[in-house]
Each structure stands twice: as structure tokens, then as C-alpha cells.
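Novice: Below is a structure I'd like to ask you about.
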Amino acid sequence: NMPKMDSHSHYGKENIHVETYNQHIDDEKSDEELEKEIDERYSCMETLIESVSNGINKALIISGGAGIGKSYTVEKILSDLNENSDSSFFFSKGYLRATGLFRLLYDNREENQVLVIDDCDAVYNDEQALNMLKGALEIKKTRQIGWGSETKFIDENGDELPRYFDYAGSIIFLTNKNLYHVIEKDNKISPHVEALVSRSLYIDLKIDTIRKRLI
């Protein structure tokens, strides 16, 4: 039997073999079969986004190659959902430091708020940011976020914020990285990323070849 990949298992050579095997299987499929699988993944993604938007789940990680429409699709789905609800969302794109993340979590801390961290891949190499995110994704209705031992927190704009605050929001991560591969590197960052993945829903859109992009 093929080993099953999930967010709580150890990722080693066996899982790399599974991905290689699956690529071989893709090569044998027709365009119609691949198109159906891609449509099913996007449909699944929409369901998962809705579950985060309405607070059923607190975090979702969506991975896939650049230029496949992740940002556009997520923004459209959230916009459509928010037309008939009290929820709101905010996109953060590009480079993000731990101090900026702290401010974003504070500004989007309410129960009906969704923070979308889009293509901020530096976050996955920053232990301070990852520890903050782990706290934000604990399995509690309200989680407490804190900032070090300083007497006060000054953000990048010079604004003073409380060093600790209650967080009840939700987060969607959009990334070009396959975070399972980050975990497989087995470096000092890997356990933090693994904890992040274990506390989130995860979907890889698997549009990772030129052929799939053209379908």
C-alpha cells in the first residue's frame, strides 16, 4: 500500500517517493482527468475557505506554484462570503517581519476577522514570527498573543500597542512553498513549521507542471 501523507507524520524519503510516484501517474492521465482533479481541488479549497471565514476552523494553508490564481481566487471567495455576513478580511502581501505580524494580528484580532498572509515566505524562516503564529493557532476560542519582555511594543510606524492581547481571529496562509518540504529539511525551523501545519487545514493545489498550468 502507498503510505499516506498527513500533517502529523514524519516526512522522510518515503513521502518524497510518493510525490515522485504521483507525478508519474499524472503523466499517464488525460487532460480531461487532470482538469477534473484541478476543479475538485479548487472546489475543496472554496469549502475550506468558507469554514475559516465562518470561524469553524481557525487556520488554512494553501500552497501551490506562483501564477496560478491563488490570491485572486481567495479574495473573490472571501468577498462573496462577506456580502452576507459580519465577517471581514485583510490581505498582507510581500515581506513581513515579526513586528509587522504582531501589528497585523492585533488589528485583525476579533472573532469575525480573517487575516490572509499572502506570499510572505520570510515568515516561515523567522522563529519569532513562527512562535507568534503557533500561539495564534492554539486550539482555544480566544488565544493570547504576547511580545517579549519589553515594557512596551512600538510597531514599524511608531505606534504603541499592548504587549499582550486576546486573539480570536482566523488566518489563511497563501504560499508558493510546499511546507512539507520545509519540514523535511529537519533544521531548527522545521519543528516550528510542523507545529504550524499541525494546527491548520492544509491543501496543496498541485498545479506544479507546465501542462497543468495550460489546462
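Residue numbers start at 1 in each chain; chains themselves are named A, B, ... in the order of the C-alpha cells; ligands are numbered from 1 in the order shown.
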Do a neighbour search on Glu37 of chain A at 10 Å with only C-alpha atoms, toss out local chain neighbours closer than 6 positions, and write the hits as JSON, numbers by chain.
Specialist: {"A": [31, 43, 205, 206]}
Novice: Counting only C-alpha atoms, which residues of segment 126-213 of chain A fall within 7 Å of segment 59-69 of chain A, and what is the closest atom pair for each with its distance in Å at one decimal, ordered by chain and rising number, as a Markdown table?
Specialist:
```
| residue | atom | partner | partner_atom | distance |
| --- | --- | --- | --- | --- |
| A:Leu137 | CA | A:Ala59 | CA | 6.9 |
| A:Ser170 | CA | A:Ala59 | CA | 5.7 |
| A:Ile171 | CA | A:Ala59 | CA | 4.8 |
| A:Ile172 | CA | A:Leu60 | CA | 4.8 |
| A:Phe173 | CA | A:Ile61 | CA | 4.6 |
| A:Leu174 | CA | A:Ile62 | CA | 5.0 |
| A:Thr175 | CA | A:Ser63 | CA | 4.9 |
| A:Asn176 | CA | A:Gly65 | CA | 4.9 |
| A:Lys177 | CA | A:Ser63 | CA | 6.2 |
| A:Asn178 | CA | A:Ser63 | CA | 6.0 |
| A:Ser200 | CA | A:Ala59 | CA | 4.8 |
| A:Leu201 | CA | A:Leu60 | CA | 4.6 |
| A:Tyr202 | CA | A:Ile61 | CA | 4.7 |
| A:Ile203 | CA | A:Ile62 | CA | 5.1 |
| A:Asp204 | CA | A:Ser63 | CA | 4.7 |
| A:Leu205 | CA | A:Gly64 | CA | 5.3 |
| A:Lys206 | CA | A:Gly64 | CA | 5.9 |
| A:Ile207 | CA | A:Gly64 | CA | 6.3 |
| A:Asp208 | CA | A:Gly65 | CA | 6.0 |
```
Novice: Store the residues of this selection in a file with N, CA and C atoms, as a PDB file, in the first residue's frame.
Specialist:
```pdb
ATOM      1  N   LEU A 137      -2.674  30.123  16.805  1.00  0.00           N
ATOM      2  CA  LEU A 137      -3.421  28.982  16.276  1.00  0.00           C
ATOM      3  C   LEU A 137      -3.671  27.891  17.306  1.00  0.00           C
ATOM      4  N   SER A 170      -8.987  34.495  12.611  1.00  0.00           N
ATOM      5  CA  SER A 170      -8.599  33.336  11.805  1.00  0.00           C
ATOM      6  C   SER A 170      -7.554  33.765  10.779  1.00  0.00           C
ATOM      7  N   ILE A 171      -6.777  32.795  10.286  1.00  0.00           N
ATOM      8  CA  ILE A 171      -5.682  33.111   9.367  1.00  0.00           C
ATOM      9  C   ILE A 171      -5.721  32.167   8.170  1.00  0.00           C
ATOM     10  N   ILE A 172      -5.508  32.738   6.977  1.00  0.00           N
ATOM     11  CA  ILE A 172      -5.295  31.942   5.768  1.00  0.00           C
ATOM     12  C   ILE A 172      -3.906  32.273   5.248  1.00  0.00           C
ATOM     13  N   PHE A 173      -3.095  31.240   5.046  1.00  0.00           N
ATOM     14  CA  PHE A 173      -1.753  31.410   4.512  1.00  0.00           C
ATOM     15  C   PHE A 173      -1.754  31.018   3.034  1.00  0.00           C
ATOM     16  N   LEU A 174      -1.237  31.874   2.169  1.00  0.00           N
ATOM     17  CA  LEU A 174      -1.034  31.544   0.760  1.00  0.00           C
ATOM     18  C   LEU A 174       0.469  31.514   0.517  1.00  0.00           C
ATOM     19  N   THR A 175       0.982  30.427  -0.010  1.00  0.00           N
ATOM     20  CA  THR A 175       2.423  30.309  -0.182  1.00  0.00           C
ATOM     21  C   THR A 175       2.771  29.513  -1.430  1.00  0.00           C
ATOM     22  N   ASN A 176       3.883  29.880  -2.052  1.00  0.00           N
ATOM     23  CA  ASN A 176       4.410  29.097  -3.168  1.00  0.00           C
ATOM     24  C   ASN A 176       5.205  27.901  -2.675  1.00  0.00           C
ATOM     25  N   LYS A 177       5.540  27.896  -1.383  1.00  0.00           N
ATOM     26  CA  LYS A 177       6.327  26.810  -0.805  1.00  0.00           C
ATOM     27  C   LYS A 177       5.442  25.614  -0.483  1.00  0.00           C
ATOM     28  N   ASN A 178       5.978  24.419  -0.668  1.00  0.00           N
ATOM     29  CA  ASN A 178       5.356  23.229  -0.099  1.00  0.00           C
ATOM     30  C   ASN A 178       5.939  23.080   1.306  1.00  0.00           C
ATOM     31  N   SER A 200      -3.339  23.633  11.423  1.00  0.00           N
ATOM     32  CA  SER A 200      -4.046  24.251  10.303  1.00  0.00           C
ATOM     33  C   SER A 200      -4.625  23.193   9.377  1.00  0.00           C
ATOM     34  N   LEU A 201      -5.654  23.569   8.632  1.00  0.00           N
ATOM     35  CA  LEU A 201      -6.045  22.802   7.461  1.00  0.00           C
ATOM     36  C   LEU A 201      -4.994  23.066   6.384  1.00  0.00           C
ATOM     37  N   TYR A 202      -4.737  22.088   5.539  1.00  0.00           N
ATOM     38  CA  TYR A 202      -3.699  22.264   4.520  1.00  0.00           C
ATOM     39  C   TYR A 202      -4.183  21.695   3.198  1.00  0.00           C
ATOM     40  N   ILE A 203      -4.090  22.504   2.141  1.00  0.00           N
ATOM     41  CA  ILE A 203      -4.379  21.988   0.804  1.00  0.00           C
ATOM     42  C   ILE A 203      -3.289  22.453  -0.151  1.00  0.00           C
ATOM     43  N   ASP A 204      -2.716  21.521  -0.876  1.00  0.00           N
ATOM     44  CA  ASP A 204      -1.750  21.823  -1.932  1.00  0.00           C
ATOM     45  C   ASP A 204      -2.490  21.680  -3.258  1.00  0.00           C
ATOM     46  N   LEU A 205      -2.533  22.748  -4.030  1.00  0.00           N
ATOM     47  CA  LEU A 205      -3.290  22.724  -5.284  1.00  0.00           C
ATOM     48  C   LEU A 205      -2.635  21.868  -6.358  1.00  0.00           C
ATOM     49  N   LYS A 206      -1.347  21.559  -6.188  1.00  0.00           N
ATOM     50  CA  LYS A 206      -0.632  20.610  -7.049  1.00  0.00           C
ATOM     51  C   LYS A 206      -0.666  20.991  -8.532  1.00  0.00           C
ATOM     52  N   ILE A 207      -0.695  22.278  -8.810  1.00  0.00           N
ATOM     53  CA  ILE A 207      -0.552  22.720 -10.204  1.00  0.00           C
ATOM     54  C   ILE A 207       0.922  23.059 -10.373  1.00  0.00           C
ATOM     55  N   ASP A 208       1.718  22.026 -10.589  1.00  0.00           N
ATOM     56  CA  ASP A 208       3.164  22.146 -10.485  1.00  0.00           C
ATOM     57  C   ASP A 208       3.905  21.774 -11.767  1.00  0.00           C
TER      58      ASP A 208
END
```
Novice: Please list as a PyMOL selection string every residue within 7 Å of Ala98 of chain A, counting only C-alpha atoms and excluding residues in the same chain fewer than 4 positions away.
Specialist: chain A and resi 102+128-129
Novice: I need the chosen residues saved as a tab-separated table (two decimals), in the first residue's frame, with N, CA, C and O atoms.
Specialist:
```
chain	number	residue	atom	x	y	z
A	102	PHE	N	2.94	41.05	14.37
A	102	PHE	CA	2.30	41.35	15.66
A	102	PHE	C	1.22	42.41	15.46
A	102	PHE	O	0.11	42.29	15.99
A	128	GLN	N	10.78	33.86	15.65
A	128	GLN	CA	9.92	34.74	16.46
A	128	GLN	C	8.53	34.83	15.86
A	128	GLN	O	7.52	34.73	16.57
A	129	ALA	N	8.44	34.98	14.54
A	129	ALA	CA	7.14	35.05	13.87
A	129	ALA	C	6.40	33.71	13.98
A	129	ALA	O	5.20	33.67	14.22
```
Novice: For the structure I just gave you, how does DSSP split segment 102-137 of chain A - specifically, which residues are strand (DSSP E)? Reply as a VMD selection string.
Specialist: chain A and resid 113 to 118
Novice: DSSP on the backbone, alpha helix (DSSP H) only: what residues of segment 35-138 of chain A does that give? Format it as a ChimeraX atom specification.
Specialist: /A:35-53,70-82,98-107,127-136
Novice: Would you list the contacts of Arg109 of chain A as a compact mmCIF listing (two decimals) with N, CA and C atoms, in the first residue's frame, taking every protein, DNA or RNA residue within 7 Å and counting only C-alpha atoms, but skipping same-chain residues closer than 6 positions in sequence?
Specialist:
```txt
# COMPACT_ATOMS: atom_id res chain seq x y z
N TYR A 167 -6.58 37.12 21.16
CA TYR A 167 -6.76 36.96 19.71
C TYR A 167 -7.83 35.90 19.45
N ALA A 168 -8.84 36.27 18.66
CA ALA A 168 -9.93 35.33 18.34
C ALA A 168 -10.16 35.23 16.84
N GLY A 169 -9.24 35.79 16.04
CA GLY A 169 -9.40 35.79 14.59
C GLY A 169 -8.98 34.49 13.93
```
Novice: For Phe91 of chain A, which residue among A:Val116, A:Leu105, A:Leu34, A:Leu78 is the nearest when counting only C-alpha atoms?
Specialist: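 With only C-alpha atoms as the atom set, the closest residue is A:Val116.
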Novice: Near Asp166 of chain A, counting only C-alpha atoms, which residues have an atom at most 7 Å away, once you skip same-chain residues fewer than 6 positions from it, shown as a JSON list (two decimals) with N, CA, C and O atoms, in the first residue's frame?
Specialist:
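See selection_14.json below for the written result:
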```
[["chain", "number", "residue", "atom", "x", "y", "z"],
["A", 142, "THR", "N", -10.30, 31.79, 22.30],
["A", 142, "THR", "CA", -9.51, 33.02, 22.41],
["A", 142, "THR", "C", -8.09, 32.66, 22.82],
["A", 142, "THR", "O", -7.90, 31.91, 23.76],
["A", 143, "ARG", "N", -7.12, 33.15, 22.08],
["A", 143, "ARG", "CA", -5.71, 32.87, 22.36],
["A", 143, "ARG", "C", -5.01, 34.17, 22.73],
["A", 143, "ARG", "O", -5.39, 35.23, 22.26],
["A", 144, "GLN", "N", -3.99, 34.08, 23.58],
["A", 144, "GLN", "CA", -3.27, 35.29, 23.96],
["A", 144, "GLN", "C", -1.97, 35.40, 23.19],
["A", 144, "GLN", "O", -1.19, 34.46, 23.12],
["A", 145, "ILE", "N", -1.76, 36.57, 22.58],
["A", 145, "ILE", "CA", -0.54, 36.86, 21.83],
["A", 145, "ILE", "C", 0.31, 37.82, 22.66],
["A", 145, "ILE", "O", -0.21, 38.79, 23.22]]
```
Novice: Could you name the residues that touch Gln113 of chain A at 8 Å or less, counting only C-alpha atoms, but leaving out those on the same chain fewer than 6 positions away, as an NGL selection string?
Specialist: :A and (53 or 87-90 or 169-170)
Novice: Record the distance separating atom CA of Leu130 of chain A and atom CA of His192 of chain A, expressed in Å with one decimal.
Specialist: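 Going from atom CA of Leu130 of chain A over to atom CA of His192 of chain A covers 6.2 Å.
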Novice: Any idea what's packed within 12 Å of Gly100 of chain A, counting only C-alpha atoms, ignoring anything in its chain fewer than 6 positions away? Could you give it as a list in words?
Specialist: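 So the residues in contact are Ser92, Lys93, Gly94, Tyr106, Asp107, Ile117, Cys120, Ala122, Val123, Gln128, Ala129, Met132, Trp147, Phe153, Ile154, Asp155, Glu156, Asn157, Gly158, Asp159 and Leu161 of chain A.
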Novice: Restricting the calculation to only C-alpha atoms, which member of A:Leu96, A:Ala195, A:Ile189, A:Val114 is positioned closest to Gly135 of chain A?
Specialist: A:Ala195
